[in-house]
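Asks: Before we start, here is the structure in question, set down as structure tokens.
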Amino acid sequence: MTPEDAPLNETADDSPAIPGFEELGITGPVLKAIRDLGYETPSPIQAATIPTLLGGRDVVGMAQTGTGKTAAFALPVLERLDTAQKTPQALVLAPTRELALQVCEAFESYASKMKGVHVLPVYGGQGYGVQLSALRRGVHVVVGTPGRIMDHLAKGTLDLSELKYLVLDEADEMLKMGFAEDVEQILAQTPEEKQVALFSATMPAQIRRLAQKYLRDAEEITVKSKTATNTNITQRYLVVSYQQKVDALTRILEVENFDGMIIFVRTKNETETLAEKLRARGYSAAAINGDVPQVQRERSVNQLKDGKLDILVATDVAARGLDVERISHVVNFDIPTDTESYVHRIGRTGRAGRTGDAISFITPRERYLLGHIEKATRQQPTQMQLPTMEDVNTTRLARFDDAITAALGESERIEKFRDIIGHYVRNHDVPEADVAAALAVVAQGETPLLLDPANDALTAAVERDNRPRRDDRARPAREPRERRSRGDYTPYRIEIGRRHRVEPRQIVGALANEGGLGRDDFGAINIKPDFSIVELPANMDASVLDKLRDTRISGRLIEIKADRGAPGRRDGERRDRKPRHRN
Ligand code: AMP
């Protein structure tokens with residue numbers, strides 16, 4: 001028997017194989033905060049990284065979004081934070097403002113039980129005022145994009161002289177966006193004695209060089225994933241935003257022919273809230289998580305076995321080793337932080353030689369995980385469509401028919417009611433079909449039997465999420481990108497050129513960050529000796545151009561303006577067609 005197949009009463013809650021956050025060295029208010037967030041066990045990257053960072057060593061971690069890497073570096077920083085120090089102690093560099101904001105939010109949630117911890121996002125496109133006043137008041141953690149951090153360093157408004165922790169998040173993305181030089185300059189402007197953690201989804205030579213040059217005796221951490229899945233399990237996925245998950249799930253539950261189901265979520269709190277929502281929608285659902293006492297957990301599992309309960313909403317820990325033949329479906333309401341958990345989760349169905357169904361909800365940002373799942377399971381999950389309202393209605397009508405047929409089978413009870421109905425028909429002179437319809441109204445109550453497909457906002461929203469996005473990094477390379485035609489672009493002049501050793505990717509990186517542009521918003525980039533011409537969307541909003549005006553590249557203000565005279569084309573120089581900035 002493998003550990004995975006261990007019976008439920010041997011769950012690994014207190015198994016030494018999976019240390020808890022406490023054993024990793026997380027204590028006090030930080031531990032309390034993650035408990036309140038409902039994190040039960042550290043993800044593999046957290047289990048490997050947290051003790052190393054707390055021990056003072058540098059770390060190079062191969063990890064992507066969704067693995068829990070943010071907590072892997074944020075928790076050790078907060079654990080050792082000196083709130084009395086007024087100058088920044090930790091700096092996190094991130095490739096985009098979205099990621100910077102996300103990391104800030106994570107830090108704030110992990111620091112929610114600490115007093116007076118200040119975390120500041122610093123990114124392009126935002127006014128300097130807010131950033132400057134916050135820096136003056138004193139912040140402990142700064143999370144920013146390299147370009148804007150460089151600007152603050154150039155202006156002398158960011159004091160890194162007492163920095164203790166530096167994190168490079170999504171390092172490969174930062175380099176792809178042309179921030180290599182900025183990152184190196186920032187690294188060079190920080191104190192010798194500091195701890196550095198570098199996280200990257202891939203390890204190209206350039207990142208290895210960076211790590212060798214700026215990190216000391218770093219521990220390399222890669223979280224390996226195990227392979228092996230049952231081929232009797234059909235894997236499907238639906239791309240759906242977080243906000244639409246509950247509605248999408250309800251629709252799937254209506255249409256899908258399931259027996260027993262286990263729905264996985266990330267946190268303990270979510271098991272409770274989702275189970276509650278499902279009960280409110282008429283399903284017999286219960287939550288199981290590490291906090292639910294063992295006796296109660298076993299009771300729920302037995303109820304699922306006996307058919308008294310149809311759905312269990314669980315965390316990974318609570319469902320470890322669960323072996324219930326009746327489970328026909330596993331739903332990953334949240335996709336797990338590692339493929340090993342994925343494999344274990346879907347293995348809860350298809351037991352005892354039966355077939356099983358696994359349905360995973362994937363947010364648009366998590367699309368890249370599909371590749372990992374395919375590798376780990378050696379099967380390609382198929383994309384599913386959200387059932388439409390018509391599908392739901394067809395199912396509801398079929399169930400309605402079935403219910404009538406089943407009731408007609410109860411001859412004794414039917415016999416008793418037949419007399420009562422006959423009496424009614426005779427006294428009121430109403431056709432029997434009308435009486436049957438009236439009884440259906442009574443049985444149905446206030447809820448309409450059928451949905452109105454004219455009001456199907458959910459299908460439209462999910463379809464939008466399922467359409468490939470222009471700036472979707474996770475899209476398979478073979479899928480053609482949308483290209484604009486030449487007329488869709490307007491040339492802009494920026495005051496930085498070959499003399500300043502600027503490269504196209506630096507321009508793309510800086511403008512994308514400041515203006516919130518996607519990579520495909522860029523047409524040709526023509527680098528001249530003293531300036532450059534960049535093609536940007538012709539229909540670009542004036543507010544975007546406003547934001548771009550303050551952009552600096554390698555410390556130089558670019559002073560972007562529409563290129564009227566196109567002097568670049570008169571000097572006879574060849575137009576370098578910019579390489580499309582594919583990944
Ligand atoms: P990240 O890879 O840092 O973007 O994290 C992905 C998601 O996993 C975030 O929503 C985190 O809140 C969540 N998360 C991180 N660590 C854990 C954990 N140990 N248990 C449950 N959820 C986690």
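Each chain of the structure tokens is named A, B, ... in the order shown, its residues numbered from 1; ligands are numbered from 1 in display order.
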If you run DSSP on this backbone, which residues of segment 318-356 of chain A come out as alpha helix (DSSP H), and could you give them as a list in words?
Replies: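 In segment 318-356 of chain A, DSSP puts these residues in alpha helix (DSSP H): Thr339, Glu340, Ser341, Tyr342, Val343, His344, Arg345 and Ile346 of chain A.
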Asks: Please check which protein, DNA or RNA residues sit within 10 Å of ligand 1, counting only C-alpha atoms and all ligand atoms, and write them as a VMD selection string.
Replies: chain A and resid 20 to 21 34 to 35 37 to 47 63 to 74 99 102 to 103 105 to 106 109 to 110 265 to 268 315 to 316 334 to 338 366
Asks: Which residues are close to Val196 of chain A, i.e. within 6 Å by only C-alpha atoms, leaving aside same-chain residues fewer than 4 positions away? Reply as a list in words.
Replies: Asp58, Tyr165, Leu166 and Val167 of chain A
Asks: How many Å separate atom CA of Met261 of chain A from atom CA of Thr395 of chain A?
Replies: 18.6 Å
Asks: Per DSSP on the backbone, what are the strand (DSSP E) residues of segment 148-353 of chain A, as a ChimeraX atom specification?
Replies: /A:165-168,195-200,219-222,233-239,260-264,285-288,311-314,327-332
Asks: Between atom CA of Leu238 of chain A and atom CA of Pro387 of chain A, what distance in Å does the model show, to one decimal?
Replies: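 We find that atom CA of Leu238 of chain A and atom CA of Pro387 of chain A lie 10.7 Å from each other.
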Asks: Name the closest residue to Asp452 of chain A among the candidates A:Asp357, A:Glu390, A:Glu325, A:Glu256; distances are taken between atoms, counting only C-alpha atoms.
Replies: A:Glu390
